[in-house]
Each structure stands twice: as structure tokens, then as C-alpha cells.
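Shown here: target.csv, CSV, C-alpha atoms.
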```
chain,number,residue,atom,x,y,z
A,214,GLY,CA,144.3,19.3,-148.9
A,215,GLN,CA,141.4,20.3,-151.3
A,216,VAL,CA,138.9,20.6,-148.4
A,217,ALA,CA,141.3,22.5,-146.3
A,218,ALA,CA,142.1,24.9,-149.1
A,219,LEU,CA,138.4,25.6,-149.7
A,220,ARG,CA,137.8,26.1,-146.0
A,221,ALA,CA,140.6,28.6,-145.8
A,222,ARG,CA,139.0,30.8,-148.4
A,223,LEU,CA,135.6,31.0,-146.7
A,224,PRO,CA,134.5,33.1,-143.7
A,225,GLN,CA,134.6,31.3,-140.4
A,226,GLU,CA,130.8,31.4,-140.0
A,227,SER,CA,130.2,29.8,-143.4
A,228,PHE,CA,129.4,26.2,-144.0
A,229,LEU,CA,131.3,24.1,-146.5
A,230,PHE,CA,129.4,21.1,-147.7
A,231,PHE,CA,131.8,18.9,-149.8
A,232,LEU,CA,129.9,16.6,-152.1
A,233,HIS,CA,131.8,13.8,-153.9
A,234,PRO,CA,131.1,10.5,-155.7
A,235,SER,CA,132.8,8.1,-153.3
A,236,VAL,CA,131.6,6.8,-149.9
A,237,ALA,CA,135.2,5.8,-149.2
A,238,MET,CA,136.3,9.5,-149.6
A,239,GLU,CA,133.8,10.6,-147.0
A,240,GLN,CA,135.1,8.1,-144.5
A,241,GLU,CA,138.7,9.2,-145.3
A,242,LEU,CA,137.8,12.8,-144.7
A,243,LEU,CA,136.2,12.0,-141.4
A,244,MET,CA,139.2,10.0,-140.3
A,245,LYS,CA,141.5,12.9,-141.1
A,246,GLN,CA,139.2,15.2,-139.2
A,247,ALA,CA,138.9,17.4,-142.2
A,248,CYS,CA,135.2,17.6,-141.7
A,249,THR,CA,134.5,19.2,-138.3
A,250,GLY,CA,132.4,22.1,-137.1
A,251,ARG,CA,131.0,23.8,-140.2
A,252,THR,CA,132.9,21.7,-142.7
A,253,LEU,CA,130.8,18.7,-143.8
A,254,ALA,CA,131.1,16.0,-146.4
A,255,CYS,CA,128.7,13.7,-148.1
A,256,SER,CA,128.8,11.2,-151.0
A,257,LEU,CA,126.5,11.5,-154.0
A,258,GLY,CA,125.4,7.8,-153.7
A,259,GLU,CA,121.9,6.8,-152.7
A,260,LYS,CA,123.0,6.0,-149.1
A,261,GLY,CA,124.5,9.4,-148.7
A,262,CYS,CA,121.0,11.0,-148.5
A,263,PHE,CA,122.6,14.2,-149.9
A,264,VAL,CA,119.2,15.7,-151.0
A,265,ASP,CA,117.9,15.5,-147.4
A,266,LYS,CA,121.1,16.9,-146.0
A,267,ILE,CA,121.2,19.8,-148.4
A,268,SER,CA,117.6,20.7,-147.5
A,269,MET,CA,118.3,20.7,-143.8
A,270,LEU,CA,121.5,22.7,-144.2
A,271,ALA,CA,119.8,25.4,-146.3
A,272,ALA,CA,117.3,25.8,-143.5
A,273,THR,CA,120.0,26.9,-141.1
A,274,PHE,CA,121.0,30.1,-143.0
A,275,SER,CA,119.4,33.3,-141.8
A,276,GLU,CA,120.7,35.1,-144.9
A,277,LYS,CA,119.7,32.3,-147.2
A,278,ASP,CA,122.9,32.6,-149.1
A,279,VAL,CA,123.7,29.3,-150.8
A,280,ARG,CA,126.3,29.0,-153.6
A,281,LEU,CA,127.0,25.8,-155.6
A,282,VAL,CA,130.6,25.5,-157.0
A,283,VAL,CA,131.2,22.6,-159.4
A,284,GLU,CA,134.7,21.4,-160.1
A,285,GLN,CA,135.8,21.5,-163.7
A,286,GLY,CA,134.8,18.3,-165.5
A,287,PHE,CA,132.6,17.1,-162.7
A,288,ARG,CA,129.3,18.3,-164.2
A,289,ALA,CA,129.8,16.2,-167.3
A,290,LEU,CA,130.5,13.0,-165.3
A,291,HIS,CA,127.7,13.5,-162.7
A,292,ALA,CA,125.1,15.6,-164.6
A,293,ASP,CA,122.1,13.9,-163.0
A,294,ALA,CA,123.4,14.4,-159.4
A,295,ILE,CA,124.3,18.0,-160.1
A,296,GLY,CA,120.8,18.6,-161.5
A,297,LYS,CA,119.3,17.1,-158.3
A,298,ILE,CA,121.5,19.3,-156.1
A,299,GLU,CA,120.5,22.5,-158.0
A,300,GLU,CA,116.8,21.6,-157.9
A,301,THR,CA,117.1,20.7,-154.1
A,302,ILE,CA,118.7,24.1,-153.3
A,303,ARG,CA,116.1,25.9,-155.4
A,304,VAL,CA,113.2,24.1,-153.7
A,305,ALA,CA,114.6,24.4,-150.2
A,306,LEU,CA,115.1,28.1,-150.5
A,307,ASP,CA,111.7,28.5,-152.1
A,308,ASN,CA,110.1,26.6,-149.3
A,309,LEU,CA,111.8,28.7,-146.7
A,310,GLN,CA,110.6,31.9,-148.4
A,311,GLN,CA,107.1,30.5,-148.5
A,312,ASP,CA,107.3,29.6,-144.8
A,313,ARG,CA,108.3,33.1,-143.9
A,314,ASN,CA,105.3,34.5,-145.9
A,315,ARG,CA,102.8,31.9,-144.9
A,316,GLY,CA,103.7,31.2,-141.2
A,317,LEU,CA,101.4,33.9,-139.9
A,318,ILE,CA,98.7,32.9,-142.3
A,319,ARG,CA,98.8,29.3,-141.1
A,320,LEU,CA,98.7,30.4,-137.5
A,321,ARG,CA,95.8,32.7,-138.1
A,322,CYS,CA,93.8,29.9,-139.9
A,323,SER,CA,94.6,27.5,-137.0
A,324,LEU,CA,93.3,30.0,-134.5
A,325,GLN,CA,90.1,30.6,-136.5
A,326,ASN,CA,89.6,26.8,-136.6
A,327,LEU,CA,90.1,26.5,-132.9
A,328,PRO,CA,86.3,26.3,-132.0
A,329,SER,CA,85.9,23.4,-134.4
A,330,ILE,CA,89.1,21.7,-133.2
A,331,ILE,CA,87.8,21.8,-129.6
A,332,ARG,CA,84.3,20.7,-130.5
A,333,ASN,CA,85.7,17.7,-132.5
A,334,ALA,CA,88.5,16.9,-130.0
A,335,GLY,CA,86.9,13.5,-129.1
A,336,LEU,CA,86.5,12.4,-132.7
A,337,GLY,CA,88.5,9.5,-133.8
A,338,LEU,CA,88.7,7.2,-136.9
A,339,CYS,CA,87.4,3.7,-136.8
A,340,LYS,CA,89.2,0.8,-138.5
A,341,VAL,CA,87.1,-0.7,-141.3
A,342,PRO,CA,86.4,-4.4,-141.6
A,343,PRO,CA,88.9,-6.5,-143.6
A,344,GLY,CA,88.2,-6.5,-147.3
A,345,VAL,CA,87.0,-2.9,-147.6
A,346,SER,CA,88.5,-0.9,-150.4
A,347,ALA,CA,89.0,2.8,-151.0
A,348,ILE,CA,89.2,5.1,-154.1
A,349,VAL,CA,91.2,8.2,-153.6
A,350,CYS,CA,90.3,11.0,-156.0
A,351,GLY,CA,92.8,13.6,-157.1
A,352,ALA,CA,91.8,16.7,-159.1
A,353,GLY,CA,93.5,15.8,-162.4
A,354,PRO,CA,91.6,16.5,-165.7
A,355,SER,CA,91.0,12.8,-166.4
A,356,LEU,CA,88.7,12.6,-163.3
A,357,MET,CA,85.8,13.9,-165.4
A,358,THR,CA,85.9,10.8,-167.5
A,359,GLN,CA,85.3,8.6,-164.4
A,360,PHE,CA,82.4,10.3,-162.7
A,361,GLU,CA,79.9,7.7,-163.6
A,362,LEU,CA,82.1,4.9,-162.4
A,363,LEU,CA,82.7,6.7,-159.1
A,364,LYS,CA,79.0,7.3,-158.7
A,365,ASN,CA,78.3,3.6,-159.0
A,366,ALA,CA,81.2,2.6,-156.8
A,367,ALA,CA,80.1,4.8,-153.9
A,368,GLY,CA,78.2,1.9,-152.3
A,369,HIS,CA,81.1,-0.5,-152.7
A,370,ALA,CA,84.2,1.5,-151.8
A,371,ILE,CA,85.1,4.3,-149.5
A,372,ILE,CA,85.4,7.4,-151.7
A,373,ILE,CA,88.1,9.8,-150.4
A,374,ALA,CA,88.3,13.1,-152.2
A,375,THR,CA,91.0,15.7,-152.2
A,376,GLY,CA,89.6,19.2,-151.6
A,377,HIS,CA,90.2,20.5,-155.1
A,378,ALA,CA,88.3,17.6,-156.6
A,379,THR,CA,85.3,17.7,-154.3
A,380,PRO,CA,83.2,20.5,-155.9
A,381,GLN,CA,83.3,18.7,-159.3
A,382,LEU,CA,82.5,15.4,-157.8
A,383,LEU,CA,79.5,16.9,-156.0
A,384,ARG,CA,78.3,18.5,-159.3
A,385,ALA,CA,78.5,15.1,-160.9
A,386,GLY,CA,76.4,13.5,-158.2
A,387,VAL,CA,79.3,11.7,-156.4
A,388,GLN,CA,79.1,12.2,-152.6
A,389,PRO,CA,82.5,11.4,-151.0
A,390,HIS,CA,82.7,9.6,-147.7
A,391,VAL,CA,85.7,11.7,-146.6
A,392,VAL,CA,87.2,14.9,-147.9
A,393,VAL,CA,90.9,15.5,-147.2
A,394,GLU,CA,92.1,19.2,-147.3
A,395,VAL,CA,95.3,20.8,-146.1
A,396,ASP,CA,95.6,24.1,-147.9
A,397,ALA,CA,95.2,27.4,-146.0
A,398,HIS,CA,94.2,29.0,-149.3
A,399,ALA,CA,91.7,26.2,-150.2
A,400,GLY,CA,88.7,28.5,-150.2
A,401,ARG,CA,89.5,29.7,-153.8
A,402,ASN,CA,88.7,26.2,-155.0
A,403,TRP,CA,85.4,25.9,-153.1
A,404,PRO,CA,82.3,27.6,-154.7
A,405,ALA,CA,79.5,28.5,-152.3
A,406,GLU,CA,77.2,25.7,-153.4
A,407,ALA,CA,79.8,23.0,-152.6
A,408,GLN,CA,78.4,21.6,-149.2
A,409,PRO,CA,79.4,18.0,-148.8
A,410,SER,CA,77.6,16.0,-146.1
A,411,CYS,CA,80.6,13.9,-145.0
A,412,LEU,CA,83.6,13.8,-142.8
A,413,LEU,CA,86.5,16.2,-143.3
A,414,ALA,CA,90.0,15.2,-142.5
A,415,ALA,CA,92.1,18.4,-142.3
A,416,CYS,CA,95.3,19.8,-140.8
A,417,THR,CA,94.7,22.7,-138.4
A,418,GLU,CA,95.6,25.5,-140.9
A,419,VAL,CA,93.1,24.5,-143.5
A,420,ALA,CA,91.0,27.5,-144.8
A,421,PRO,CA,88.4,28.2,-142.1
A,422,GLU,CA,85.8,29.0,-144.8
A,423,VAL,CA,86.1,25.4,-146.0
A,424,ALA,CA,86.2,23.8,-142.5
A,425,ARG,CA,83.0,25.6,-141.5
A,426,ARG,CA,81.1,23.6,-144.1
A,427,PHE,CA,81.6,20.4,-142.2
A,428,GLU,CA,79.9,19.3,-139.0
A,429,SER,CA,82.5,16.6,-138.3
A,430,VAL,CA,86.2,17.1,-138.7
A,431,ALA,CA,89.1,14.8,-137.9
A,432,TRP,CA,91.7,17.4,-137.1
A,433,CYS,CA,95.3,16.6,-137.8
A,434,VAL,CA,98.7,18.1,-136.9
A,435,GLY,CA,99.4,21.0,-139.2
A,436,SER,CA,102.5,23.0,-140.3
A,437,SER,CA,102.4,25.7,-137.5
A,438,PRO,CA,104.8,24.5,-134.8
A,439,VAL,CA,103.6,27.2,-132.4
A,440,PHE,CA,100.0,26.0,-132.7
A,441,ASN,CA,100.9,22.3,-132.6
A,442,MET,CA,102.8,22.9,-129.3
A,443,ALA,CA,99.8,24.8,-127.8
A,444,MET,CA,97.4,22.0,-128.7
A,445,ARG,CA,99.8,19.5,-127.1
A,446,ASP,CA,100.2,21.6,-123.9
A,447,TRP,CA,96.4,22.0,-123.7
A,448,GLY,CA,95.8,18.3,-124.1
A,449,VAL,CA,93.9,18.6,-127.3
A,450,PRO,CA,94.5,15.5,-129.4
A,451,LEU,CA,95.4,15.9,-133.1
A,452,ARG,CA,95.8,13.0,-135.5
A,453,GLU,CA,99.0,12.4,-137.4
A,454,LEU,CA,98.6,12.4,-141.2
A,455,GLN,CA,101.6,12.3,-143.6
A,456,LEU,CA,101.8,15.8,-145.0
A,457,GLY,CA,103.7,16.4,-148.3
A,458,ARG,CA,103.8,18.6,-151.3
A,459,SER,CA,100.8,16.7,-152.7
A,460,VAL,CA,97.5,16.4,-150.9
A,461,MET,CA,97.3,12.8,-152.2
A,462,ALA,CA,99.9,11.7,-149.6
A,463,PRO,CA,97.6,12.5,-146.6
A,464,ALA,CA,94.6,11.2,-148.6
A,465,ILE,CA,96.3,7.8,-149.2
A,466,ASP,CA,97.6,7.9,-145.6
A,467,LEU,CA,94.1,8.2,-144.3
A,468,ALA,CA,92.9,5.2,-146.4
A,469,ALA,CA,95.8,3.2,-145.0
A,470,GLN,CA,95.0,4.3,-141.4
A,471,LEU,CA,91.4,3.2,-141.9
A,472,GLY,CA,92.7,-0.2,-142.8
A,473,CYS,CA,91.5,-0.4,-146.4
A,474,SER,CA,92.9,-3.5,-148.0
A,475,ARG,CA,93.0,-2.1,-151.6
A,476,ILE,CA,93.5,1.5,-152.5
A,477,ALA,CA,92.9,2.9,-156.0
A,478,LEU,CA,94.0,6.3,-157.2
A,479,ALA,CA,91.9,8.2,-159.7
A,480,GLY,CA,92.4,11.7,-161.2
A,481,GLN,CA,96.1,11.6,-160.3
A,482,ASP,CA,97.2,12.8,-163.8
A,483,LEU,CA,100.3,14.8,-162.8
A,484,SER,CA,100.3,15.8,-166.5
A,485,LEU,CA,98.4,18.1,-168.8
A,486,GLY,CA,95.1,17.2,-170.3
A,487,GLY,CA,93.6,18.4,-173.6
A,488,GLN,CA,94.0,22.1,-174.3
A,489,GLY,CA,96.6,22.3,-171.5
A,490,LEU,CA,94.2,21.5,-168.7
A,491,THR,CA,95.8,21.0,-165.3
A,492,HIS,CA,92.8,20.3,-163.1
A,493,VAL,CA,89.3,18.8,-163.4
A,494,ASP,CA,87.7,22.2,-162.7
A,495,GLY,CA,89.0,23.6,-166.0
A,496,GLU,CA,92.2,25.3,-164.8
A,497,SER,CA,94.8,25.3,-167.5
A,498,LEU,CA,98.5,26.0,-167.9
A,499,GLU,CA,99.3,29.7,-167.5
A,500,GLY,CA,102.2,32.0,-168.2
A,501,ASP,CA,105.5,30.6,-169.5
A,502,ASP,CA,105.5,27.3,-167.6
A,503,GLU,CA,107.8,24.9,-169.4
A,504,VAL,CA,106.2,21.8,-170.8
A,505,ILE,CA,108.3,18.7,-170.2
A,506,MET,CA,107.6,15.2,-171.6
A,507,ILE,CA,107.8,12.4,-169.0
A,508,PRO,CA,106.9,8.7,-169.0
A,509,GLY,CA,103.1,8.1,-169.2
A,510,GLN,CA,101.0,5.4,-167.6
A,511,ASP,CA,99.5,4.1,-170.8
A,512,GLN,CA,101.6,6.2,-173.3
A,513,PRO,CA,105.3,6.4,-173.8
A,514,GLN,CA,105.4,10.1,-173.0
A,515,VAL,CA,102.9,12.7,-171.7
A,516,PRO,CA,103.2,16.5,-171.3
A,517,SER,CA,103.9,17.7,-167.8
A,518,THR,CA,105.4,20.6,-165.9
A,519,ARG,CA,108.2,21.1,-163.3
A,520,VAL,CA,105.5,21.5,-160.6
A,521,PHE,CA,103.8,18.2,-161.5
A,522,ILE,CA,107.1,16.4,-161.7
A,523,ALA,CA,108.0,17.6,-158.2
A,524,LEU,CA,104.6,16.4,-156.9
A,525,ARG,CA,105.2,13.0,-158.6
A,526,ASP,CA,108.6,12.7,-157.0
A,527,ALA,CA,107.2,13.6,-153.6
A,528,LEU,CA,104.4,11.1,-154.0
A,529,GLN,CA,106.8,8.3,-155.0
A,530,THR,CA,109.0,9.0,-152.0
A,531,TYR,CA,105.9,8.8,-149.7
A,532,LEU,CA,104.8,5.5,-151.3
A,533,LYS,CA,108.2,4.0,-150.8
A,534,ARG,CA,108.2,5.1,-147.1
A,535,LEU,CA,104.6,3.8,-146.6
A,536,ARG,CA,105.7,0.3,-147.9
A,537,GLU,CA,108.8,0.3,-145.7
A,538,GLY,CA,106.7,1.3,-142.7
A,539,LEU,CA,103.8,-1.2,-143.1
A,540,GLY,CA,105.8,-4.0,-144.6
A,541,ALA,CA,103.6,-7.1,-145.2
A,542,HIS,CA,100.6,-5.1,-144.0
A,543,THR,CA,100.8,-2.6,-146.9
A,544,PRO,CA,97.5,-2.4,-148.8
A,545,VAL,CA,97.3,-3.1,-152.5
A,546,LEU,CA,98.0,0.2,-154.2
A,547,LEU,CA,96.8,0.7,-157.8
A,548,ASN,CA,96.9,3.7,-160.1
A,549,CYS,CA,93.5,3.7,-161.8
A,550,THR,CA,93.9,7.2,-163.4
A,551,ALA,CA,92.7,7.3,-166.9
A,552,GLY,CA,96.1,8.1,-168.5
A,553,GLY,CA,98.4,10.6,-166.9
A,554,ALA,CA,102.0,10.2,-165.7
A,555,ARG,CA,103.6,6.9,-164.6
A,556,ILE,CA,104.0,6.7,-160.9
A,557,GLU,CA,106.7,4.4,-159.7
A,558,GLY,CA,105.5,2.0,-156.9
A,559,LEU,CA,102.0,1.9,-158.3
A,560,GLU,CA,100.7,-0.8,-160.6
A,561,ALA,CA,98.6,0.5,-163.4
A,562,ALA,CA,95.0,-0.7,-163.6
A,563,ARG,CA,91.6,0.3,-165.1
A,564,LEU,CA,89.1,1.7,-162.6
A,565,GLU,CA,86.4,-0.4,-164.3
A,566,ASP,CA,88.3,-3.6,-163.4
A,567,PHE,CA,89.0,-2.4,-159.9
A,568,CYS,CA,85.3,-1.7,-159.3
A,569,ARG,CA,83.9,-4.8,-161.1
A,570,ASP,CA,84.0,-7.3,-158.2
A,571,LEU,CA,83.8,-5.0,-155.2
A,572,PRO,CA,81.3,-6.3,-152.7
A,573,PRO,CA,78.8,-3.8,-151.1
A,574,LEU,CA,80.1,-1.8,-148.2
A,575,PRO,CA,79.0,-3.4,-144.8
A,576,ALA,CA,75.7,-2.1,-143.5
A,577,GLY,CA,76.2,0.7,-140.9
A,578,LEU,CA,79.9,1.0,-141.7
A,579,GLN,CA,81.5,3.4,-139.2
A,580,LEU,CA,84.4,5.7,-140.1
A,581,MET,CA,84.5,7.8,-136.9
A,582,ALA,CA,83.6,7.6,-133.3
A,583,ARG,CA,83.5,10.1,-130.4
A,584,ALA,CA,85.4,8.8,-127.4
A,585,ALA,CA,83.9,11.1,-124.8
A,586,ALA,CA,80.3,10.9,-123.3
A,587,PRO,CA,77.6,11.6,-124.2
A,588,SER,CA,78.7,11.1,-127.8
A,589,SER,CA,80.6,7.8,-127.3
A,590,ALA,CA,78.6,5.9,-129.9
A,591,ALA,CA,80.2,5.5,-133.3
A,592,VAL,CA,78.6,7.6,-136.0
A,593,PRO,CA,77.3,5.5,-138.9
A,594,LEU,CA,78.5,6.3,-142.4
A,595,ASP,CA,75.0,6.8,-143.7
A,596,ALA,CA,74.2,9.3,-140.9
A,597,LEU,CA,77.0,11.8,-142.0
```
Starting from the file, give its structure as C-alpha cells.
Amino acid sequence: GQVAALRARLPQESFLFFLHPSVAMEQELLMKQACTGRTLACSLGEKGCFVDKISMLAATFSEKDVRLVVEQGFRALHADAIGKIEETIRVALDNLQQDRNRGLIRLRCSLQNLPSIIRNAGLGLCKVPPGVSAIVCGAGPSLMTQFELLKNAAGHAIIIATGHATPQLLRAGVQPHVVVEVDAHAGRNWPAEAQPSCLLAACTEVAPEVARRFESVAWCVGSSPVFNMAMRDWGVPLRELQLGRSVMAPAIDLAAQLGCSRIALAGQDLSLGGQGLTHVDGESLEGDDEVIMIPGQDQPQVPSTRVFIALRDALQTYLKRLREGLGAHTPVLLNCTAGGARIEGLEAARLEDFCRDLPPLPAGLQLMARAAAPSSAAVPLDAL
């Protein structure tokens, strides 16, 4: 009766998404056919996947009018779930607004990158031999304390750098083997002198002014559906990399696709450094961003922000799915960040310990090869 009464008060074209704590109630509503057409129901339990369903439902509204009504007394009993629902609605609508604003920007960047995409169409990644490890570098402020370790590790592990971290790594004398970049606005983080001599792995809408700095690019599917369809229709191959709110997801995904047996994360603070630093290049907290204390990796609590918390949650979700997908073949994943937030699914370790017993990288190690003649030979790592 409650669902029917609510439905009767809404316009016919509106959706009613009834969230409740019981899986049994969802089944009962379906049996009674109370949930048909634009009337939906979902439990708040983990198996209900209510976060994903809310995100998908919000994307169907042209007017983006979403209203949450909470029954009296329900908020006190299910405060965590209600908080998740409110945050999910906020993020979903924010993403839709950004997509409206950025869709043309992404398409424009993809079109500007088209010459490089065509030129590198035959470029593919090579699996590394068993036992090869990788260090994935984020742009957290703690990275500056690990430059010397990374410089010494470059001959023993594949250094994969996120774009934001790359200029600072180069200034410190650390030459990455691969840079991963996905941002259409990445140019703002790249000073003119940052010219890495390595492979770039990027989605198609990456800032063209960044992509032009690289001779070899492993192009990946981006966020412009129109452009992705055009590439497929034209027979231009694009790699699949896991995209997410954090660039660390595709960077880790690349290391896993290369077949690295151990993957260490560095500079993945997801928290504030001294003097409110947010990134290794000296960026700091601006405006009225709320500082929130969250569990730390080597401290009970560390200061963070809502943006960092959302990035942490997205990374944790990706890591869970990676393990589910690879099963027994999942690489060893370690968080070797010097401090920072605790990331569920990652064992904490010191970068010094990770690097201590690493063997030298195999001579002539190849990370990429061109499939089409006349460039069919694999490109040695030391020739990049």
C-alpha cells in the first residue's frame, strides 16, 4: 500500500525508486507487481547494489531533478546508508553536469590527437618476463621523500608514473619507463621543460599538448562515445584500460596487463601533507574545503578531504574488481606510500624493503612492439 500511495502522488513520467532494508521486502513487492514500469525497488544491503542503481537511474533524467525523501525515524536507524545515498546522488548529478560541459572538450582533444593515434595504431604492449616488478607513482606530497629510492630502483623495476607526478620525477632525475595520463586538462600540470623519453599510455582525450611530447603512445579507449565508435568503425585498435576517478586505476591496470608479478604504489597519499600540501608539485588546499580525519596507513588518523576520500573509495572498488577478475593470477599489491591514508585491499610496506631484493631488469626488456611492417620488431626499453 505504501508504494502504491507514493506512486499515486507522483506524475506518471516520474520514477519512484523505493529503498528499504530488507531483501525479502523487495521480493514481496515484485511478486505483488507493485514495482513495474517506472516504479522500482531495491534493498539497502550489499547485494542490492543500490549505489550503482541510483547512479544509473540519475543518468536517465533530462531535467536532472532528483529528490530524496526519508521516512520518519529511518535516518537514525540507517544513517550510513542514507549518507551513501545522498553522496551517490550528488556525485552522479555532478558527473552528468561535467559530462555536459566536457563532452565537446573530450571530442575536440581526441580529434587533435588523431594523427598520433593513426601513427601509433600498430603499437602494442609486450608481456614482461615472470618476476618483473613495477612501482606506480602517484602525485601525493610524500613522493618527494622517495625520489632517491626511485632513482636507484629504475634499473630493477618498471617505473610507471601518473602524469601529474612526472615533471617532479624528471626534475629529481627519475626517468619513468611509462607515463599514464588521462586528463583532457593535463597540460596545466606539465611545464615546457618536462620532456620524458618514454612510452605514454593515454586515453584518446588526453591533452594534445601533453601527447605531442611523446614519440610512442599506447592509445586507449577514452570517454568520448562518438570518437570511440568512429575508431571502431575505421578499424583503428584502441587498448582497454580501466578508467576511474583516480588515474592510479589505469596505471595499476597497465602494470597488471604487462604481467608484473609485484606492484608497489608510491605517492598515493590521498591525504594532506605538511602545510596542507595536496600534491608533490607544491599544490595546497584551497578555499573552504573541509578537512576530514580518516584512518592512516601508519598513523591512527590523517587529514584528508571529500575529494581524496572519493578517490580512495573508487580505488578500493577497482582493486576489489581486479582481484575478482584475475583470481589466482592477481599480482602482489603493496602500498609503499610514505604515510598517507589507509587503502583497503593493499598491504602496507616500506619502499626500501620492496626495492631491497629486486633483481636487475632483464637486458633489452621490451614493453611495446609494432605489429605492422616495417616496424614489426619490438622496441627495446633502453631505446625509448
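Among the candidates A:His377, A:Arg332, A:Arg315, A:Arg458, the residue lying nearest to Val423 in chain A is A:His377 (atoms considered: all atoms listed in the file).
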Return as AutoDock Vina command-line options the box centre and box size in Å, one decimal, for an axis-aligned box around all listed atoms of range 393-408 of chain A padded by 8 Å per side.
```
--center_x 86.4 --center_y 22.6 --center_z -150.5 --size_x 34.4 --size_y 30.2 --size_z 25.0
```
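Nearest-residue note for His369 in chain A: choosing from A:Val504, A:Leu324, A:Ala347, A:Ile476, the minimum distance belongs to A:Ala347, counting all atoms listed in the file.
Near Asp501 in chain A, within 12 Å and counting all atoms listed in the file, sit Leu498, Glu499, Glu503, Val504, Thr518 and Arg519 of chain A; same-chain residues fewer than 2 positions away were not included.
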Include C-alpha atoms and write out the residues we just selected as a PDB file, in the frame of the given file.
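The resulting file, again.pdb, is reproduced below:
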```pdb
ATOM      1  CA  LEU A 498      98.500  26.000-167.900  1.00  0.00           C
ATOM      2  CA  GLU A 499      99.300  29.700-167.500  1.00  0.00           C
ATOM      3  CA  GLU A 503     107.800  24.900-169.400  1.00  0.00           C
ATOM      4  CA  VAL A 504     106.200  21.800-170.800  1.00  0.00           C
ATOM      5  CA  THR A 518     105.400  20.600-165.900  1.00  0.00           C
ATOM      6  CA  ARG A 519     108.200  21.100-163.300  1.00  0.00           C
TER       7      ARG A 519
END
```
One-decimal distance in Å that lies between CA of Pro354 in chain A and CA of Gly435 in chain A:
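Atom-to-atom, CA of Gly435 in chain A to CA of Pro354 in chain A, that is 28.0 Å.
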With distances taken over only C-alpha atoms, the candidate from A:Thr252, A:Ser355, A:Thr417, A:Gln325 nearest Asn441 in chain A is A:Thr417
Can you tell me how far CA of Glu406 in chain A sits from CA of Arg425 in chain A, in Å to one decimal?
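Distance reported for this atom pair: 13.2 Å.
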Mind giving me the straight-line distance from CA of Met269 in chain A to CA of Ile298 in chain A in Å, one decimal?
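Going from CA of Met269 in chain A over to CA of Ile298 in chain A covers 12.8 Å.
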Name the closest residue to Arg583 in chain A among the candidates A:Val279, A:Ala292, A:Gly335, A:Gly386; distances are taken between atoms, counting only C-alpha atoms.
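Result for the nearest residue to Arg583 in chain A: A:Gly335.
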For Thr358 in chain A, which of A:Cys322, A:Leu532, A:Ala551, A:Cys339 is the closest residue, counting only C-alpha atoms?
A:Ala551
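Among the candidates A:Lys340, A:Arg319, A:Arg288, A:Arg525, the one nearest to Cys416 in chain A when counting only C-alpha atoms is A:Arg319.
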